[in-house]
file model-v9.txt (compact mmCIF, C-alpha atoms)
# COMPACT_ATOMS: atom_id res chain seq x y z
CA MET Z 1 -33.04 -84.54 15.90
CA THR Z 2 -36.26 -85.69 14.25
CA ASP Z 3 -39.64 -85.51 15.78
CA SER Z 4 -39.60 -89.32 16.24
CA GLU Z 5 -36.59 -88.91 18.52
CA LEU Z 6 -38.13 -86.25 20.78
CA HIS Z 7 -39.51 -87.03 24.15
CA PRO Z 8 -43.24 -87.77 23.74
CA TYR Z 9 -44.24 -84.63 25.71
CA VAL Z 10 -42.01 -82.41 23.54
CA GLU Z 11 -43.44 -84.00 20.44
CA LEU Z 12 -46.93 -83.24 21.67
CA ILE Z 13 -46.08 -79.60 22.25
CA ALA Z 14 -44.42 -79.31 18.83
CA ARG Z 15 -47.43 -80.83 17.11
CA GLU Z 16 -49.73 -78.33 18.81
CA ALA Z 17 -47.46 -75.41 17.96
CA ARG Z 18 -47.50 -76.34 14.33
CA ARG Z 19 -51.24 -76.49 14.17
CA PRO Z 20 -52.49 -73.59 12.02
CA VAL Z 21 -54.62 -71.04 13.82
CA PHE Z 22 -57.86 -70.02 12.20
CA THR Z 23 -59.56 -66.78 13.26
CA ASP Z 24 -62.86 -65.55 12.19
CA ARG Z 25 -63.21 -62.27 10.44
CA MET Z 26 -65.26 -60.72 13.21
CA GLY Z 27 -62.51 -61.55 15.66
CA ARG Z 28 -59.91 -59.79 13.54
CA ASP Z 29 -62.18 -56.76 13.18
CA ARG Z 30 -62.63 -56.55 16.95
CA VAL Z 31 -58.82 -56.63 17.44
CA MET Z 32 -58.24 -53.92 14.81
CA ALA Z 33 -60.97 -51.71 16.26
CA ALA Z 34 -59.36 -51.94 19.66
CA ILE Z 35 -56.01 -50.99 18.20
CA HIS Z 36 -57.44 -47.97 16.36
CA ALA Z 37 -59.12 -46.81 19.49
CA GLU Z 38 -55.78 -46.52 21.24
CA PRO Z 39 -54.22 -42.99 21.05
CA VAL Z 40 -51.23 -42.67 18.72
CA PRO Z 41 -48.09 -42.84 20.84
CA ARG Z 42 -46.11 -39.57 20.56
CA ARG Z 43 -42.45 -40.16 19.78
CA HIS Z 44 -40.19 -37.43 21.07
CA VAL Z 45 -37.82 -36.80 18.17
CA ARG Z 46 -34.79 -34.74 18.95
CA LEU Z 47 -33.79 -32.04 16.45
CA TRP Z 48 -30.51 -33.68 15.62
CA GLU Z 49 -32.34 -36.95 14.97
CA ARG Z 50 -34.64 -35.09 12.59
CA VAL Z 51 -31.65 -33.58 10.81
CA LEU Z 52 -29.75 -36.84 10.55
CA GLU Z 53 -32.69 -38.96 9.55
CA PRO Z 54 -32.09 -40.06 5.97
CA ARG Z 55 -34.67 -39.10 3.45
CA SER Z 56 -35.06 -40.29 -0.09
CA PHE Z 57 -36.16 -38.33 -3.10
CA ARG Z 58 -36.27 -38.94 -6.78
CA LEU Z 59 -34.38 -36.92 -9.37
CA SER Z 60 -34.45 -37.37 -13.11
CA PRO Z 61 -31.19 -37.63 -15.09
CA ALA Z 62 -31.90 -34.24 -16.71
CA GLY Z 63 -32.40 -32.65 -13.30
CA SER Z 64 -29.13 -34.17 -12.04
CA ALA Z 65 -27.27 -32.82 -15.06
CA LEU Z 66 -28.68 -29.32 -14.52
CA ILE Z 67 -27.69 -29.28 -10.86
CA ALA Z 68 -24.19 -30.52 -11.69
CA ALA Z 69 -23.75 -27.84 -14.35
CA GLY Z 70 -24.91 -25.20 -11.93
CA LEU Z 71 -22.39 -26.30 -9.29
CA VAL Z 72 -19.56 -26.28 -11.84
CA GLY Z 73 -20.57 -22.81 -12.96
CA ILE Z 74 -20.56 -21.50 -9.40
CA GLY Z 75 -17.11 -22.97 -8.87
CA VAL Z 76 -15.73 -21.38 -12.04
CA ILE Z 77 -17.12 -17.96 -11.17
CA ALA Z 78 -15.79 -18.16 -7.62
CA GLY Z 79 -12.38 -19.18 -8.93
CA VAL Z 80 -12.20 -16.43 -11.53
CA THR Z 81 -13.33 -13.80 -9.04
CA SER Z 82 -10.82 -14.75 -6.36
CA THR Z 83 -7.81 -15.08 -8.67
CA ASN Z 84 -8.41 -12.15 -10.98
CA ARG Z 85 -5.91 -9.53 -9.78
CA ASP Z 86 -6.16 -7.29 -12.77
CA VAL Z 87 -9.58 -5.71 -12.29
CA ARG Z 88 -8.64 -2.22 -13.21
CA SER Z 89 -10.66 0.93 -13.35
CA PRO Z 90 -11.15 2.73 -16.67
CA ASP Z 91 -8.00 4.78 -16.11
CA GLY Z 92 -5.97 1.64 -15.65
CA GLN Z 93 -5.64 1.75 -11.86
CA LEU Z 94 -6.31 -1.03 -9.40
CA PRO Z 95 -9.28 -0.29 -7.18
CA VAL Z 96 -8.02 1.46 -4.06
CA ALA Z 97 -9.73 -1.12 -1.88
CA ASP Z 98 -7.68 -3.88 -3.55
CA VAL Z 99 -4.44 -1.97 -2.90
CA ARG Z 100 -5.38 -1.21 0.70
CA SER Z 101 -6.34 -4.78 1.48
CA HIS Z 102 -2.78 -5.94 0.81
CA LEU Z 103 -1.05 -3.22 2.86
CA PRO Z 104 0.99 -3.79 5.97
CA VAL Z 105 -0.58 -1.98 8.89
CA SER Z 106 2.05 0.80 8.79
CA ASP Z 107 1.51 1.74 5.11
CA THR Z 108 -0.69 4.45 3.64
CA VAL Z 109 -1.95 4.48 0.09
CA VAL Z 110 -0.90 7.47 -2.00
CA ASN Z 111 -2.11 8.35 -5.47
CA PHE Z 112 0.43 10.00 -7.77
CA VAL Z 113 -0.81 11.97 -10.80
CA PHE Z 114 1.22 13.56 -13.58
CA ILE Z 115 -0.14 15.39 -16.60
CA ALA Z 116 1.89 14.74 -19.74
CA PRO Z 117 -0.28 14.56 -22.88
CA GLN Z 118 2.70 14.24 -25.23
CA ALA Z 119 4.57 11.55 -23.30
CA THR Z 120 4.81 7.94 -24.40
CA ASN Z 121 5.84 6.58 -21.04
CA VAL Z 122 5.97 7.93 -17.51
CA SER Z 123 7.32 6.24 -14.42
CA ILE Z 124 7.98 7.33 -10.86
CA VAL Z 125 11.28 6.92 -9.04
CA GLY Z 126 11.91 7.50 -5.38
CA ASP Z 127 13.33 6.28 -2.13
CA PHE Z 128 10.54 3.69 -2.07
CA ASN Z 129 11.73 1.82 -5.18
CA GLY Z 130 15.48 2.35 -5.19
CA TRP Z 131 15.16 5.15 -7.78
CA ASP Z 132 14.64 2.47 -10.42
CA ALA Z 133 12.74 3.84 -13.41
CA THR Z 134 11.72 0.35 -14.53
CA LYS Z 135 9.93 -0.60 -11.33
CA THR Z 136 6.91 1.69 -11.13
CA PRO Z 137 5.37 2.81 -14.42
CA LEU Z 138 2.37 5.12 -14.39
CA VAL Z 139 -0.72 4.21 -16.34
CA ARG Z 140 -2.28 6.59 -18.80
CA ALA Z 141 -6.02 7.17 -18.55
CA ALA Z 142 -7.80 6.47 -21.82
CA ASN Z 143 -8.04 9.50 -24.15
CA SER Z 144 -6.25 11.68 -21.65
CA GLY Z 145 -2.85 13.06 -20.80
CA ARG Z 146 -3.30 12.01 -17.19
CA TRP Z 147 -0.89 9.40 -15.85
CA THR Z 148 -1.48 7.83 -12.47
CA VAL Z 149 -0.23 5.20 -10.08
CA THR Z 150 -1.30 4.25 -6.58
CA LEU Z 151 1.37 3.14 -4.12
CA PRO Z 152 1.58 2.06 -0.51
CA LEU Z 153 4.08 4.22 1.36
CA THR Z 154 5.28 4.12 4.92
CA ALA Z 155 4.54 7.17 7.07
CA GLY Z 156 7.28 9.78 6.89
CA ARG Z 157 9.16 11.85 4.35
CA HIS Z 158 9.62 10.52 0.81
CA LEU Z 159 11.62 11.89 -2.09
CA TYR Z 160 10.49 11.16 -5.63
CA SER Z 161 10.55 12.33 -9.24
CA TYR Z 162 8.75 11.48 -12.43
CA VAL Z 163 10.69 10.11 -15.38
CA VAL Z 164 8.96 11.26 -18.55
CA ASP Z 165 10.35 9.61 -21.69
CA GLY Z 166 13.71 9.36 -19.94
CA ALA Z 167 13.81 12.90 -18.53
CA TRP Z 168 13.53 13.50 -14.79
CA ASN Z 169 10.80 15.94 -13.74
CA ALA Z 170 9.85 17.26 -10.31
CA ASP Z 171 6.21 17.20 -9.28
CA PRO Z 172 4.92 20.73 -9.94
CA ASN Z 173 2.42 20.34 -7.11
CA ALA Z 174 4.82 19.27 -4.36
CA PRO Z 175 7.53 20.98 -2.31
CA ILE Z 176 10.98 20.58 -3.80
CA ALA Z 177 13.98 19.23 -1.96
CA PRO Z 178 17.44 20.77 -2.27
CA ASP Z 179 19.59 19.65 -5.20
CA ASP Z 180 20.39 16.00 -4.64
CA GLY Z 181 24.07 16.50 -5.50
CA PHE Z 182 23.55 14.94 -8.91
CA GLY Z 183 22.00 17.94 -10.66
CA HIS Z 184 18.34 17.38 -9.87
CA SER Z 185 15.86 18.47 -7.19
CA SER Z 186 13.38 15.81 -6.20
CA SER Z 187 9.92 16.39 -4.85
CA VAL Z 188 8.86 15.77 -1.27
CA LYS Z 189 5.84 13.83 -0.12
CA ILE Z 190 5.00 13.79 3.57
CA VAL Z 191 2.87 10.79 4.40
CA SER Z 192 0.98 10.77 7.68
CA ARG Z 193 0.02 7.44 9.21
CA GLY Z 194 -3.44 6.48 8.02
CA SER Z 195 -3.88 9.48 5.73
CA ALA Z 196 -6.15 9.09 2.73
CA LEU Z 197 -5.18 9.54 -0.90
CA MET L 1 4.98 -39.75 -16.70
CA LEU L 2 2.98 -36.55 -16.93
CA ALA L 3 3.99 -35.62 -13.37
CA GLY L 4 7.61 -36.20 -14.27
CA ALA L 5 7.34 -33.99 -17.34
CA LEU L 6 5.71 -31.25 -15.30
CA GLY L 7 8.38 -31.46 -12.63
CA LEU L 8 11.11 -31.22 -15.25
CA ALA L 9 9.44 -28.16 -16.77
CA VAL L 10 9.35 -26.48 -13.34
CA LEU L 11 13.03 -27.21 -12.75
CA LEU L 12 14.04 -25.89 -16.15
CA GLY L 13 11.97 -22.75 -15.68
CA ALA L 14 13.31 -21.93 -12.23
CA ARG L 15 16.09 -19.40 -11.88
CA PRO L 16 18.45 -18.85 -8.98
CA THR L 17 17.00 -16.35 -6.50
CA ALA L 18 20.06 -14.11 -6.70
CA ALA L 19 19.63 -13.66 -10.43
CA GLN L 20 16.03 -12.51 -9.98
CA ASP L 21 16.73 -9.78 -7.40
CA PRO L 22 20.41 -8.76 -7.37
CA ASP L 23 21.76 -6.39 -4.74
CA PRO L 24 21.86 -2.96 -6.47
CA PHE L 25 25.06 -2.15 -4.59
CA SER L 26 26.78 -4.85 -6.63
CA ARG L 27 26.78 -2.33 -9.48
CA PHE L 28 29.28 -0.14 -7.64
CA ASP L 29 32.99 -0.69 -8.16
CA GLN L 30 34.61 -2.33 -5.19
CA GLY L 31 36.25 0.80 -3.78
CA THR L 32 33.06 2.87 -3.97
CA ARG L 33 31.00 0.12 -2.44
CA TYR L 34 33.43 -0.34 0.42
CA THR L 35 33.48 3.39 1.21
CA ILE L 36 29.73 3.79 1.04
CA GLU L 37 29.17 0.80 3.28
CA LEU L 38 31.64 2.27 5.76
CA LEU L 39 29.67 5.52 5.78
CA ILE L 40 26.42 3.62 6.26
CA ASP L 41 27.94 1.70 9.17
CA SER L 42 29.08 4.98 10.73
CA ALA L 43 25.58 6.35 10.44
CA THR L 44 24.11 3.27 12.07
CA ALA L 45 26.62 3.45 14.92
CA ALA L 46 25.74 7.11 15.49
CA GLY L 47 21.99 6.45 15.55
CA LEU L 48 21.47 8.23 12.22
CA PRO L 49 19.13 7.08 9.44
CA SER L 50 21.38 4.84 7.34
CA GLN L 51 18.49 4.07 5.02
CA ARG L 52 18.63 7.68 3.82
CA LEU L 53 22.29 7.27 2.90
CA ARG L 54 21.59 4.01 1.12
CA SER L 55 18.84 5.71 -0.86
CA THR L 56 21.19 8.57 -1.77
CA ALA L 57 23.75 6.09 -3.08
CA LEU L 58 21.11 4.38 -5.20
CA LEU L 59 19.95 7.75 -6.47
CA GLY L 60 23.49 8.45 -7.60
CA LEU L 61 23.57 5.10 -9.40
CA SER L 62 20.30 5.88 -11.12
CA ARG L 63 21.60 9.30 -12.16
CA LYS L 64 24.69 7.57 -13.57
CA ALA L 65 27.04 9.56 -11.38
CA ASP L 66 30.59 8.29 -10.95
CA GLY L 67 31.66 6.58 -7.75
CA LYS L 68 33.66 9.52 -6.45
CA GLN L 69 30.70 11.88 -6.74
CA ILE L 70 28.36 9.40 -5.08
CA VAL L 71 30.72 9.00 -2.14
CA ALA L 72 31.03 12.78 -1.78
CA VAL L 73 27.26 13.24 -1.75
CA VAL L 74 26.72 10.44 0.75
CA GLN L 75 29.43 11.90 2.96
CA LYS L 76 27.78 15.31 2.85
CA GLN L 77 24.43 13.73 3.74
CA LEU L 78 26.01 12.04 6.74
CA SER L 79 27.44 15.35 7.98
CA LEU L 80 24.09 17.09 7.63
CA LEU L 81 22.37 14.30 9.55
CA ARG L 82 24.92 14.64 12.36
CA VAL L 83 24.31 18.38 12.60
CA ALA L 84 20.54 17.88 12.50
CA LYS L 85 20.75 15.38 15.33
CA SER L 86 22.87 17.70 17.39
CA ALA L 87 20.45 20.59 16.79
CA LEU L 88 17.22 18.67 17.40
CA GLY L 89 18.37 16.17 19.97
CA THR L 90 16.29 13.44 18.40
CA SER L 91 16.94 10.13 16.70
CA ASP L 92 13.72 10.01 14.71
CA PRO L 93 14.94 9.11 11.19
CA GLU L 94 12.21 11.00 9.33
CA GLU L 95 12.67 14.14 11.40
CA LEU L 96 16.43 14.03 10.99
CA SER L 97 16.16 13.59 7.20
CA SER L 98 13.73 16.50 6.95
CA ALA L 99 15.85 18.75 9.14
CA ALA L 100 18.97 17.81 7.17
CA ALA L 101 17.17 19.02 4.03
CA VAL L 102 16.53 22.38 5.70
CA LEU L 103 20.22 22.67 6.52
CA GLU L 104 21.16 21.61 3.01
CA ALA L 105 18.88 24.30 1.55
CA GLY L 106 20.61 26.96 3.64
CA GLY L 107 19.00 26.90 7.06
CA LYS L 108 21.21 27.36 10.10
CA PRO L 109 21.50 24.75 12.87
CA GLY L 110 20.47 27.25 15.55
CA GLN L 111 17.23 27.91 13.68
CA LEU L 112 16.18 24.34 14.43
CA ASN L 113 16.29 24.87 18.21
CA PRO L 114 12.62 25.86 18.59
CA PHE L 115 11.74 22.43 17.23
CA ARG L 116 13.59 20.58 19.97
CA ILE L 117 10.52 20.67 22.19
CA LYS L 118 8.20 17.95 21.00
CA GLN L 119 4.50 18.58 21.24
CA LYS L 120 2.24 15.60 21.61
CA GLY L 121 0.25 14.82 18.48
CA ARG L 122 2.28 17.14 16.23
CA ASN L 123 5.09 16.39 13.87
CA ASP L 124 7.25 18.88 12.07
CA LEU L 125 7.89 17.02 8.81
CA GLN L 126 5.52 19.18 6.78
CA ALA L 127 6.92 22.36 8.34
CA PHE L 128 10.47 21.32 7.43
CA ALA L 129 9.47 20.33 3.88
CA VAL L 130 7.85 23.73 3.25
CA TRP L 131 10.78 25.50 4.90
CA ALA L 132 13.33 23.87 2.59
CA ASP L 133 11.06 24.49 -0.40
CA LEU L 134 10.74 28.22 0.35
CA ILE L 135 14.52 28.60 0.51
CA GLU L 136 14.93 26.60 -2.71
CA ARG L 137 12.46 28.97 -4.43
CA GLY L 138 14.52 32.00 -3.45
CA VAL L 139 13.03 33.13 -0.16
CA PRO L 140 15.86 34.47 2.04
CA SER L 141 16.85 31.81 4.54
CA ASP L 142 16.27 33.98 7.61
CA ASP L 143 12.83 35.10 6.39
CA ALA L 144 11.79 31.54 5.76
CA SER L 145 13.10 30.46 9.16
CA MET L 146 11.21 33.21 11.01
CA ALA L 147 7.96 32.56 9.15
CA ILE L 148 7.99 28.80 9.64
CA THR L 149 9.07 29.00 13.28
CA LYS L 150 6.37 31.56 14.09
CA LEU L 151 3.70 29.42 12.46
CA TRP L 152 4.93 26.36 14.28
CA GLN L 153 4.94 28.08 17.63
CA ASP L 154 1.42 29.40 16.96
CA GLY L 155 0.23 25.81 16.54
CA ALA L 156 -0.17 25.68 12.74
CA ASP L 157 -1.10 22.25 11.41
CA ASP L 158 0.00 20.44 8.23
CA ASP L 159 -2.84 21.95 6.21
CA THR L 160 -1.68 25.47 7.10
CA PHE L 161 1.86 24.75 6.00
CA GLN L 162 0.60 23.18 2.77
CA SER L 163 -1.57 26.24 2.08
CA LEU L 164 1.38 28.53 2.65
CA PHE L 165 3.48 26.47 0.24
CA ARG L 166 0.78 26.54 -2.49
CA ASN L 167 0.07 30.26 -2.14
CA VAL L 168 3.68 31.39 -2.07
CA LYS L 169 4.57 29.11 -4.98
CA SER L 170 1.67 30.50 -6.98
CA ASP L 171 2.71 34.08 -6.25
CA ILE L 172 6.32 33.42 -7.20
CA LEU L 173 5.25 31.73 -10.47
CA GLN L 174 3.30 34.87 -11.28
CA GLY L 175 6.39 36.95 -10.93
CA LEU L 176 6.33 38.17 -7.35
CA ASN L 177 9.61 38.46 -5.45
CA PRO L 178 9.90 35.31 -3.28
CA GLY L 179 10.59 37.17 -0.05
CA THR L 180 7.73 39.59 -0.70
CA ALA L 181 5.41 36.71 -1.60
CA LEU L 182 6.11 35.06 1.73
CA GLN L 183 5.69 38.26 3.75
CA ASN L 184 2.38 39.01 2.04
CA ARG L 185 1.00 35.57 2.76
CA ILE L 186 2.15 35.58 6.38
CA ARG L 187 0.55 39.01 6.90
CA GLU L 188 -2.73 37.88 5.40
CA GLY L 189 -2.83 34.59 7.22
CA PRO L 190 -1.10 31.69 5.50
CA GLY L 191 -4.22 29.61 4.96
CA ARG L 192 -6.18 32.31 3.10
CA VAL L 193 -6.18 32.79 -0.66
CA SER L 194 -5.87 36.50 -1.49
CA PRO L 195 -8.59 37.89 -3.81
CA SER L 196 -5.83 39.50 -5.84
CA THR L 197 -4.39 36.10 -6.80
CA VAL L 198 -4.38 35.84 -10.60
CA LYS L 199 -5.64 32.58 -11.96
CA PRO L 200 -3.48 30.66 -14.51
CA PRO L 201 -4.35 31.24 -18.17
CA GLU L 202 -7.18 29.16 -19.63
CA GLY L 203 -6.20 25.65 -20.65
CA GLN L 204 -3.02 25.56 -18.60
CA GLN L 205 -3.22 23.10 -15.74
CA GLU L 206 -1.09 23.74 -12.71
CA ASN L 207 0.58 20.36 -12.73
CA GLN L 208 1.06 20.00 -16.48
CA SER L 209 4.56 19.01 -17.40
CA SER L 210 6.73 21.42 -19.30
CA ARG L 211 7.02 19.00 -22.25
call {"tool": "encode", "arguments": {"input": "model-v9.txt", "output": "C-alpha cells"}}
result
Amino acid sequence: MTDSELHPYVELIAREARRPVFTDRMGRDRVMAAIHAEPVPRRHVRLWERVLEPRSFRLSPAGSALIAAGLVGIGVIAGVTSTNRDVRSPDGQLPVADVRSHLPVSDTVVNFVFIAPQATNVSIVGDFNGWDATKTPLVRAANSGRWTVTLPLTAGRHLYSYVVDGAWNADPNAPIAPDDGFGHSSSVKIVSRGSAL
Amino acid sequence: MLAGALGLAVLLGARPTAAQDPDPFSRFDQGTRYTIELLIDSATAAGLPSQRLRSTALLGLSRKADGKQIVAVVQKQLSLLRVAKSALGTSDPEELSSAAAVLEAGGKPGQLNPFRIKQKGRNDLQAFAVWADLIERGVPSDDASMAITKLWQDGADDDTFQSLFRNVKSDILQGLNPGTALQNRIREGPGRVSPSTVKPPEGQQENQSSR
C-alpha cells in the first residue's frame, strides 16, 4: 500500500516518523554523562555458565602442529606402556607385581630357583602344569648359573621336579616325596594362602 | 576389499580349538584310559581327591611309563587316599594327599590319629611333608612319627617344621646317621642351629645341581 493510499492521518504520522532527528552535541554529552553516572549492573554468573561460555583464542599453525604432535606422542607412549607384557627384570623374570596383578584371589606367587651353571635348558614340571616339560621353562640370569621362574600356585601341597637338559632332578632345598611309582621322587612345596615368595 | 582380505587371513590362520589344547588323556590307549577314568570316578564318589589321581596318571605319561604301570600306581594312590581318609576322618583334598604320602613313605595309619583333632588356624600339611621326607631320608618310621607328633602337639608352626627338615637334612648330608640326626635336633630344639654344624665346603652352594 503506498503512502498515497493511506488514510490522511496515518500518512501524517508516517511523514513525522520519517523526519530525521537532529540532536545537538551538548545534548548527547548530557545523556552519556547520565549513563556513566549510573552504577554498573552486577550480573550474577553461575559457575556452570562461566564454564560453558565459549571463549576464542588464536593459535598459529606451528603451535597447532606442536600440540597435535604432543598428543600423538602421549597416545603412543600410553599404548606401548599398557600393551607391553614383556618388561622383564635383568634376570629375565616378570616383575612380581605384574604376576600378582593377574592372579585369581586364591593363588599365591612362588619363586622357583635352580642352580645349574652347565645346563642349556631347565624347566619345571609338576601337578600344576600336567608334568609337561614344555610348558614352564626357567629363565637363566645373565652371566649366572641361576635359573628362575615365578608361578602362581593354589594354596596346598604341590609336587614338582626340575628337568635339566632332559634329566629329572629333585629340588635339593625342598622335602622329598616318596617314589612316585615311576622311579623318581618329586619335591614337595607347601603353599599357604597369601604367603609371599 | 582390504577388510575382506583381512577377514580371509584371520580365517586361514585360525585353528580348531581342540587342536590347540588336546586332552592329555587322549594319549592313553583306550583300555588304560577307561580304567583310569573308572578309578577317578571311584575316588570322586568316595569324596577323595580325584585331581591327585589325574595328576599321577599324567606323571606316568610324562615319565613314559606303560599303561599297566600307570594303572597300578593310580590304584595304589587311591588305596592310600582311602586309608588316609579313614585315619583322619577328613575330606580335605590337600590333607588327604599329604597324609597318603606319609603312609606311602612307611607311616602307619594309627600314627595319624593325633591329627584327627583340628586346631583352628593350624594346618598339618608342612608337618606331613617333613614327616614323609624324614622317612624317605632313612629316619626310622616310628622315630619320625614320634618326633613329628610331639612337635605338633606342642604347637609347632610351619617354620619349626621347616627348620627341623633343613637341620636334619644338613646333618644327614654330612654323614650323620638319620635317626641320630633327628634325635639330636629334637633334643636341642628343632628350630635351633647347633654350633657344631659344619658348613659346606667353599664354593659349593646347597642347592647346586649334581650336574
call {"tool": "interface_residues", "arguments": {"input": "model-v9.txt", "of": "chain Z", "to": "chain L", "cutoff": "7 Å", "atoms": "all atoms listed in the file", "output": "PyMOL selection string"}}
result
chain Z and resi 114-116+127+130-132+156-157+172-173+175-178+181-182+188+190
call {"tool": "residues_around", "arguments": {"input": "model-v9.txt", "residues": "Leu48 (chain L)", "least_positions_apart": "2", "cutoff": "10 Å", "atoms": "all atoms listed in the file", "output": "list of chain:residue names"}}
result
L:Ile40, L:Asp41, L:Ser42, L:Ala43, L:Thr44, L:Ala45, L:Ala46, L:Ser50, L:Gln51, L:Arg52, L:Leu53, L:Leu78, L:Leu81, L:Arg82, L:Ala84, L:Lys85, L:Thr90, L:Ser91, L:Asp92, L:Pro93, L:Leu96, L:Ser97
call {"tool": "residues_around", "arguments": {"input": "model-v9.txt", "residues": "region 144-148 of chain Z", "least_positions_apart": "4", "cutoff": "9 Å", "atoms": "only C-alpha atoms", "output": "mmCIF file with C-alpha atoms, in the coordinates of the input"}}
result
data_model
loop_
_atom_site.group_PDB
_atom_site.id
_atom_site.type_symbol
_atom_site.label_atom_id
_atom_site.label_comp_id
_atom_site.auth_asym_id
_atom_site.auth_seq_id
_atom_site.Cartn_x
_atom_site.Cartn_y
_atom_site.Cartn_z
ATOM 1 C CA ASP Z 91 -8.000 4.780 -16.110
ATOM 2 C CA GLY Z 92 -5.970 1.640 -15.650
ATOM 3 C CA GLN Z 93 -5.640 1.750 -11.860
ATOM 4 C CA ASN Z 111 -2.110 8.350 -5.470
ATOM 5 C CA PHE Z 112 0.430 10.000 -7.770
ATOM 6 C CA VAL Z 113 -0.810 11.970 -10.800
ATOM 7 C CA PHE Z 114 1.220 13.560 -13.580
ATOM 8 C CA ILE Z 115 -0.140 15.390 -16.600
ATOM 9 C CA ALA Z 116 1.890 14.740 -19.740
ATOM 10 C CA PRO Z 117 -0.280 14.560 -22.880
ATOM 11 C CA GLN Z 118 2.700 14.240 -25.230
ATOM 12 C CA ALA Z 119 4.570 11.550 -23.300
ATOM 13 C CA ASN Z 121 5.840 6.580 -21.040
ATOM 14 C CA VAL Z 122 5.970 7.930 -17.510
ATOM 15 C CA SER Z 123 7.320 6.240 -14.420
ATOM 16 C CA PRO Z 137 5.370 2.810 -14.420
ATOM 17 C CA LEU Z 138 2.370 5.120 -14.390
ATOM 18 C CA VAL Z 139 -0.720 4.210 -16.340
ATOM 19 C CA ARG Z 140 -2.280 6.590 -18.800
#
call {"tool": "atom_distance", "arguments": {"input": "model-v9.txt", "atom1": "CA of Leu151 (chain Z)", "atom2": "CA of Val163 (chain Z)"}}
result
16.2 Å
call {"tool": "axis_aligned_box", "arguments": {"input": "model-v9.txt", "around": "region 54-67 of chain Z", "padding_each_side": "3 Å", "output": "lines of an AutoDock Vina configuration file"}}
result
center_x = -31.8
center_y = -34.8
center_z = -5.4
size_x = 15.0
size_y = 17.0
size_z = 28.7
call {"tool": "atom_distance", "arguments": {"input": "model-v9.txt", "atom1": "CA of Gln174 (chain L)", "atom2": "CA of Ser145 (chain L)"}}
result
23.1 Å
call {"tool": "atom_distance", "arguments": {"input": "model-v9.txt", "atom1": "CA of Asp179 (chain Z)", "atom2": "CA of Lys68 (chain L)"}}
result
17.4 Å
